[in-house]
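So this one's upload-v3.tsv, TSV, C-alpha atoms:
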chain	number	residue	atom	x	y	z
Y	50	MET	CA	-21.41	67.52	-22.77
Y	51	THR	CA	-20.05	71.08	-22.60
Y	52	ASP	CA	-21.42	73.32	-25.34
Y	53	CYS	CA	-18.29	75.11	-26.60
Y	54	PHE	CA	-20.41	77.52	-28.62
Y	55	ALA	CA	-22.27	78.59	-25.48
Y	56	LEU	CA	-18.97	79.19	-23.63
Y	57	PHE	CA	-18.10	81.72	-26.33
Y	58	ASN	CA	-21.63	83.16	-26.47
Y	59	GLU	CA	-21.84	82.02	-30.09
Y	60	PRO	CA	-24.78	80.36	-31.83
Y	61	ARG	CA	-24.24	76.76	-32.89
Y	62	ARG	CA	-23.08	77.04	-36.49
Y	63	PRO	CA	-20.73	75.39	-39.01
Y	64	TRP	CA	-18.44	78.39	-39.61
Y	65	LEU	CA	-16.72	80.82	-37.25
Y	66	GLU	CA	-14.31	83.53	-38.38
Y	67	PRO	CA	-10.88	82.48	-37.00
Y	68	ASP	CA	-9.69	86.01	-36.10
Y	69	ALA	CA	-12.95	86.96	-34.38
Y	70	LEU	CA	-12.90	83.70	-32.40
Y	71	LYS	CA	-9.30	84.31	-31.32
Y	72	GLN	CA	-10.12	87.86	-30.17
Y	73	LYS	CA	-13.10	86.57	-28.22
Y	74	PHE	CA	-10.90	83.92	-26.57
Y	75	PHE	CA	-8.36	86.56	-25.51
Y	76	ALA	CA	-11.12	88.80	-24.15
Y	77	LEU	CA	-12.84	85.98	-22.22
Y	78	SER	CA	-9.61	84.57	-20.79
Y	79	ALA	CA	-7.84	87.88	-19.99
Y	80	ASN	CA	-9.11	88.04	-16.41
Y	81	LEU	CA	-8.29	84.38	-15.78
Y	82	HIS	CA	-4.56	84.69	-16.47
Y	83	PRO	CA	-2.34	83.88	-13.42
Y	84	ASP	CA	-0.79	87.39	-13.56
Y	85	LYS	CA	-4.25	88.92	-13.07
Y	86	ILE	CA	-5.22	86.76	-10.10
Y	87	HIS	CA	-1.91	86.38	-8.22
Y	88	SER	CA	-3.39	87.97	-5.07
Y	89	ALA	CA	-6.63	85.94	-5.17
Y	90	SER	CA	-7.43	83.12	-2.76
Y	91	ASP	CA	-6.43	79.57	-3.61
Y	92	ALA	CA	-10.07	78.68	-4.26
Y	93	ASP	CA	-10.42	81.59	-6.72
Y	94	LYS	CA	-7.12	80.67	-8.39
Y	95	ASN	CA	-8.28	77.07	-8.80
Y	96	ALA	CA	-11.64	78.19	-10.18
Y	97	ALA	CA	-9.91	80.56	-12.63
Y	98	ALA	CA	-7.48	77.84	-13.73
Y	99	LYS	CA	-10.38	75.46	-14.31
Y	100	LYS	CA	-12.34	78.07	-16.26
Y	101	PHE	CA	-9.24	78.96	-18.33
Y	102	ALA	CA	-8.64	75.28	-19.17
Y	103	GLU	CA	-12.31	74.93	-20.17
Y	104	LEU	CA	-12.11	78.04	-22.40
Y	105	ASN	CA	-8.83	76.87	-23.94
Y	106	ALA	CA	-10.30	73.43	-24.75
Y	107	ALA	CA	-13.41	75.07	-26.22
Y	108	TYR	CA	-11.28	77.43	-28.31
Y	109	ASN	CA	-9.20	74.54	-29.68
Y	110	CYS	CA	-12.40	72.68	-30.52
Y	111	LEU	CA	-14.04	75.59	-32.32
Y	112	ALA	CA	-10.93	76.90	-34.08
Y	113	GLU	CA	-10.35	73.72	-36.11
Y	114	PRO	CA	-13.08	73.01	-38.70
Y	115	LYS	CA	-13.06	69.22	-38.24
Y	116	SER	CA	-13.42	69.31	-34.46
Y	117	ARG	CA	-15.96	72.17	-34.66
Y	118	LEU	CA	-18.12	70.16	-37.09
Y	119	LEU	CA	-17.85	67.04	-34.93
Y	120	HIS	CA	-18.93	69.06	-31.88
Y	121	LEU	CA	-21.82	70.64	-33.80
Y	122	LEU	CA	-22.97	67.26	-35.11
Y	123	GLU	CA	-22.85	65.76	-31.59
Y	124	LEU	CA	-24.83	68.68	-30.14
Y	125	GLU	CA	-27.43	68.65	-32.91
Y	126	SER	CA	-27.93	64.89	-33.28
Y	127	GLY	CA	-27.02	63.73	-29.76
Y	128	ALA	CA	-24.40	61.23	-31.00
Y	129	LYS	CA	-21.02	61.04	-32.69
Y	130	PRO	CA	-21.03	60.28	-36.41
Y	131	LYS	CA	-20.29	56.63	-37.17
Y	132	GLU	CA	-16.73	55.80	-38.18
Y	133	ILE	CA	-16.49	54.95	-41.87
Y	134	GLN	CA	-13.26	53.40	-43.09
Y	135	GLN	CA	-13.97	53.44	-46.83
Y	136	ILE	CA	-12.35	56.28	-48.80
Y	137	PRO	CA	-14.95	58.15	-50.92
Y	138	ASN	CA	-14.64	57.43	-54.65
Y	139	ALA	CA	-13.95	61.11	-55.35
Y	140	LEU	CA	-10.80	60.89	-53.19
Y	141	ALA	CA	-9.54	57.50	-54.38
Y	142	ASP	CA	-6.97	58.96	-56.80
Y	143	LEU	CA	-5.72	61.47	-54.25
Y	144	PHE	CA	-5.46	58.74	-51.61
Y	145	ALA	CA	-3.45	56.61	-54.05
Y	146	ASP	CA	-1.12	59.57	-54.76
Y	147	VAL	CA	-0.55	60.27	-51.07
Y	148	ALA	CA	0.00	56.59	-50.25
Y	149	SER	CA	2.43	56.11	-53.17
Y	150	VAL	CA	4.48	59.26	-52.51
Y	151	CYS	CA	4.69	58.54	-48.76
Y	152	LYS	CA	5.70	54.91	-49.39
Y	153	ASN	CA	8.43	55.94	-51.84
Y	154	ALA	CA	9.61	58.74	-49.55
Y	155	ASP	CA	9.88	56.19	-46.71
Y	156	ALA	CA	11.99	53.91	-48.92
Y	157	PHE	CA	14.28	56.83	-49.78
Y	158	LEU	CA	14.55	57.83	-46.09
Y	159	LYS	CA	15.57	54.29	-45.20
Y	160	GLU	CA	18.19	54.31	-47.93
Y	161	MET	CA	19.39	57.79	-46.96
Y	162	HIS	CA	19.86	56.87	-43.29
Y	163	GLY	CA	21.85	53.80	-44.32
Y	164	ASN	CA	24.43	55.88	-46.22
Y	165	ASN	CA	27.81	56.18	-44.44
Y	166	SER	CA	29.83	57.55	-47.35
Y	167	PRO	CA	30.23	61.39	-47.44
Y	168	LEU	CA	29.77	61.34	-51.24
Y	169	LEU	CA	26.55	59.33	-50.97
Y	170	ARG	CA	25.32	61.70	-48.25
Y	171	VAL	CA	25.79	64.70	-50.57
Y	172	GLN	CA	23.91	62.87	-53.32
Y	173	SER	CA	21.21	61.92	-50.82
Y	174	PHE	CA	20.86	65.57	-49.78
Y	175	GLU	CA	20.16	66.59	-53.39
Y	176	ARG	CA	17.60	63.81	-53.82
Y	177	ALA	CA	16.04	64.72	-50.47
Y	178	GLN	CA	15.38	68.25	-51.82
Y	179	GLU	CA	13.57	66.72	-54.79
Y	180	TRP	CA	11.43	64.62	-52.44
Y	181	ILE	CA	10.66	67.67	-50.31
Y	182	GLU	CA	9.48	69.52	-53.45
Y	183	ARG	CA	7.22	66.60	-54.44
Y	184	LEU	CA	5.77	66.40	-50.94
Y	185	ASN	CA	5.26	70.17	-50.80
Y	186	LEU	CA	3.35	70.06	-54.09
Y	187	LEU	CA	1.08	67.36	-52.68
Y	188	GLN	CA	0.70	69.38	-49.46
Y	189	LYS	CA	-0.32	72.42	-51.53
Y	190	LYS	CA	-2.92	70.33	-53.37
Y	191	LEU	CA	-4.38	69.25	-50.03
Y	192	GLY	CA	-4.32	72.86	-48.83
Y	193	ASP	CA	-6.26	73.99	-51.90
Y	194	LEU	CA	-8.85	71.26	-51.37
Y	195	ARG	CA	-9.14	72.21	-47.69
Y	196	GLU	CA	-9.67	75.86	-48.72
Y	197	ASP	CA	-12.44	74.74	-51.11
Y	198	LEU	CA	-14.05	72.91	-48.18
Y	199	ASN	CA	-13.84	76.05	-46.03
Y	200	ASN	CA	-15.60	78.01	-48.76
Y	201	LYS	CA	-18.30	75.35	-49.03
Y	202	LEU	CA	-18.68	75.49	-45.25
Y	203	LYS	CA	-19.17	79.27	-45.36
Y	204	VAL	CA	-21.96	78.88	-47.92
Y	205	LEU	CA	-23.61	76.18	-45.79
Y	206	ASP	CA	-23.24	78.38	-42.72
Y	207	ASP	CA	-25.15	81.16	-44.45
Y	208	GLY	CA	-28.04	78.77	-45.16
Y	209	TRP	CA	-27.79	77.33	-41.65
Y	210	MET	CA	-28.14	80.73	-39.98
Y	211	LYS	CA	-31.19	81.60	-42.12
Y	212	SER	CA	-32.93	78.25	-41.51
Y	213	GLY	CA	-35.16	76.82	-38.84
Y	214	ALA	CA	-34.55	73.63	-36.85
Y	215	ALA	CA	-36.17	71.31	-39.43
Y	216	ALA	CA	-34.10	72.66	-42.33
Y	217	ARG	CA	-30.93	72.49	-40.23
Y	218	LYS	CA	-31.61	68.83	-39.48
Y	219	GLU	CA	-31.68	68.17	-43.22
Y	220	MET	CA	-28.24	69.82	-43.54
Y	221	LEU	CA	-26.58	67.48	-41.02
Y	222	PRO	CA	-25.65	64.73	-43.56
Y	223	GLU	CA	-23.84	67.30	-45.72
Y	224	LEU	CA	-22.02	68.69	-42.67
Y	225	GLU	CA	-21.06	65.14	-41.70
Y	226	GLU	CA	-19.62	64.55	-45.17
Y	227	ILE	CA	-17.53	67.75	-44.89
Y	228	TYR	CA	-16.40	66.69	-41.41
Y	229	ARG	CA	-15.13	63.39	-42.85
Y	230	LEU	CA	-13.34	65.15	-45.72
Y	231	PHE	CA	-11.53	67.43	-43.27
Y	232	GLY	CA	-10.52	64.27	-41.40
Y	233	TYR	CA	-8.95	62.72	-44.51
Y	234	PHE	CA	-7.18	65.93	-45.51
Y	235	ASN	CA	-5.83	66.52	-41.98
Y	236	ARG	CA	-4.55	62.94	-41.70
Y	237	TRP	CA	-2.87	62.97	-45.10
Y	238	SER	CA	-1.40	66.43	-44.51
Y	239	ASN	CA	0.12	65.24	-41.21
Y	240	GLN	CA	1.61	62.18	-42.92
Y	241	ILE	CA	3.18	64.34	-45.63
Y	242	GLN	CA	4.50	66.90	-43.13
Y	243	GLU	CA	6.07	64.12	-41.07
Y	244	ARG	CA	8.07	62.97	-44.13
Y	245	ILE	CA	9.11	66.55	-44.97
Y	246	VAL	CA	10.48	67.02	-41.44
Y	247	GLN	CA	12.39	63.72	-41.62
Y	248	LEU	CA	13.90	64.68	-44.98
Y	249	MET	CA	15.12	67.99	-43.59
Y	250	LEU	CA	17.03	66.38	-40.72
Just give me the structure of the file as structure tokens.
Amino acid sequence: MTDCFALFNEPRRPWLEPDALKQKFFALSANLHPDKIHSASDADKNAAAKKFAELNAAYNCLAEPKSRLLHLLELESGAKPKEIQQIPNALADLFADVASVCKNADAFLKEMHGNNSPLLRVQSFERAQEWIERLNLLQKKLGDLREDLNNKLKVLDDGWMKSGAAARKEMLPELEEIYRLFGYFNRWSNQIQERIVQLML
């Protein structure tokens, strides 16, 4: 397995500053851009393209907290975390809210797309705006929870960087829990955004 942290000359850790990571990506990939190597041999161009693709994949992995945590957990424990289908009790109410709002938004979308009357379309447009507002409020709630997770991750990162291997091993279950929470929030956020886009069409 490629160590994405090593490609960026970064220590394995739960948190990376997004802007610093982006700047490092630009610096590392600058000399691999096709405009910089247009006069190089085909072998050098192929090697540069391969290296650029590897850096790009590593950047995408490290830039997103969920994928970064998954990668860190795999590197540290030697295996992927087990898939757990059960929603944590703390998220049960939020899951029910997301499921209910998405289900009702889907019913409205079906009704809206079945309207042929110009008058009904105007009325549907007004109701669509109300649905977009409801979905945006839910999206904001998820965004706030995701920001809380980022803050928790920063605190854990501080402890991680000050700890030895044994203490870090004890932190892995907590990192795995945060990884799973990011997974739920990302999935629900995507479902909500999909409905918002459909309502805007």
So that each row is one residue of region 137-248 of chain Y with an atom at most 8 Å from region 115-131 of chain Y, can you give its shortest atom pair and the distance in Å to one decimal, using only C-alpha atoms, rows by chain and rising number, as a Markdown table?
| residue | atom | partner | partner_atom | distance |
| --- | --- | --- | --- | --- |
| Y:Lys218 | CA | Y:Glu125 | CA | 7.8 |
| Y:Leu221 | CA | Y:Leu122 | CA | 6.9 |
| Y:Leu224 | CA | Y:Leu118 | CA | 7.0 |
| Y:Glu225 | CA | Y:Leu122 | CA | 7.2 |
| Y:Tyr228 | CA | Y:Lys115 | CA | 5.3 |
| Y:Arg229 | CA | Y:Lys115 | CA | 7.7 |
| Y:Phe231 | CA | Y:Lys115 | CA | 5.6 |
| Y:Gly232 | CA | Y:Lys115 | CA | 6.4 |
Print the selection's residues with C-alpha atoms to a file, as a PDB file, keeping the file's coordinate frame.
ATOM      1  CA  LYS Y 218     -31.610  68.830 -39.480  1.00  0.00           C
ATOM      2  CA  LEU Y 221     -26.580  67.480 -41.020  1.00  0.00           C
ATOM      3  CA  LEU Y 224     -22.020  68.690 -42.670  1.00  0.00           C
ATOM      4  CA  GLU Y 225     -21.060  65.140 -41.700  1.00  0.00           C
ATOM      5  CA  TYR Y 228     -16.400  66.690 -41.410  1.00  0.00           C
ATOM      6  CA  ARG Y 229     -15.130  63.390 -42.850  1.00  0.00           C
ATOM      7  CA  PHE Y 231     -11.530  67.430 -43.270  1.00  0.00           C
ATOM      8  CA  GLY Y 232     -10.520  64.270 -41.400  1.00  0.00           C
TER       9      GLY Y 232
END
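Near region 63-79 of chain Y, within a cut-off of 8 Å and counting only C-alpha atoms, sit the residues Y:Phe57, Y:Arg61, Y:Leu81, Y:His82, Y:Lys85, Y:Phe101, Y:Leu104, Y:Asn105, Y:Tyr108, Y:Leu111, Y:Ala112, Y:Pro114, Y:Arg117, Y:Leu118, Y:Leu121, Y:Leu202, Y:Lys203, Y:Leu205, Y:Asp206, Y:Trp209, Y:Leu224, with same-chain residues fewer than 2 positions away left out.
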Find, counting only C-alpha atoms, the residue in Y:Leu143, Y:Val246, Y:Ala98, Y:Leu191 that gets nearest to Gln178 (chain Y).
->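 So, comparing all the options, the nearest one is Y:Val246.
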Please provide the set of residues having any atom within 12 Å of Gln247 (chain Y), restricted to all atoms listed in the file, with same-chain residues fewer than 6 positions apart removed, written as a VMD selection string.
-> chain Y and resid 151 154 to 155 157 to 159 161 to 162 174 177 to 178 180 to 181 184 240 to 241
Residue among Y:Arg176, Y:Lys94, Y:Arg170, Y:Arg236 lying closest to Arg195 (chain Y), counting only C-alpha atoms |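 Closest candidate: Y:Arg236.
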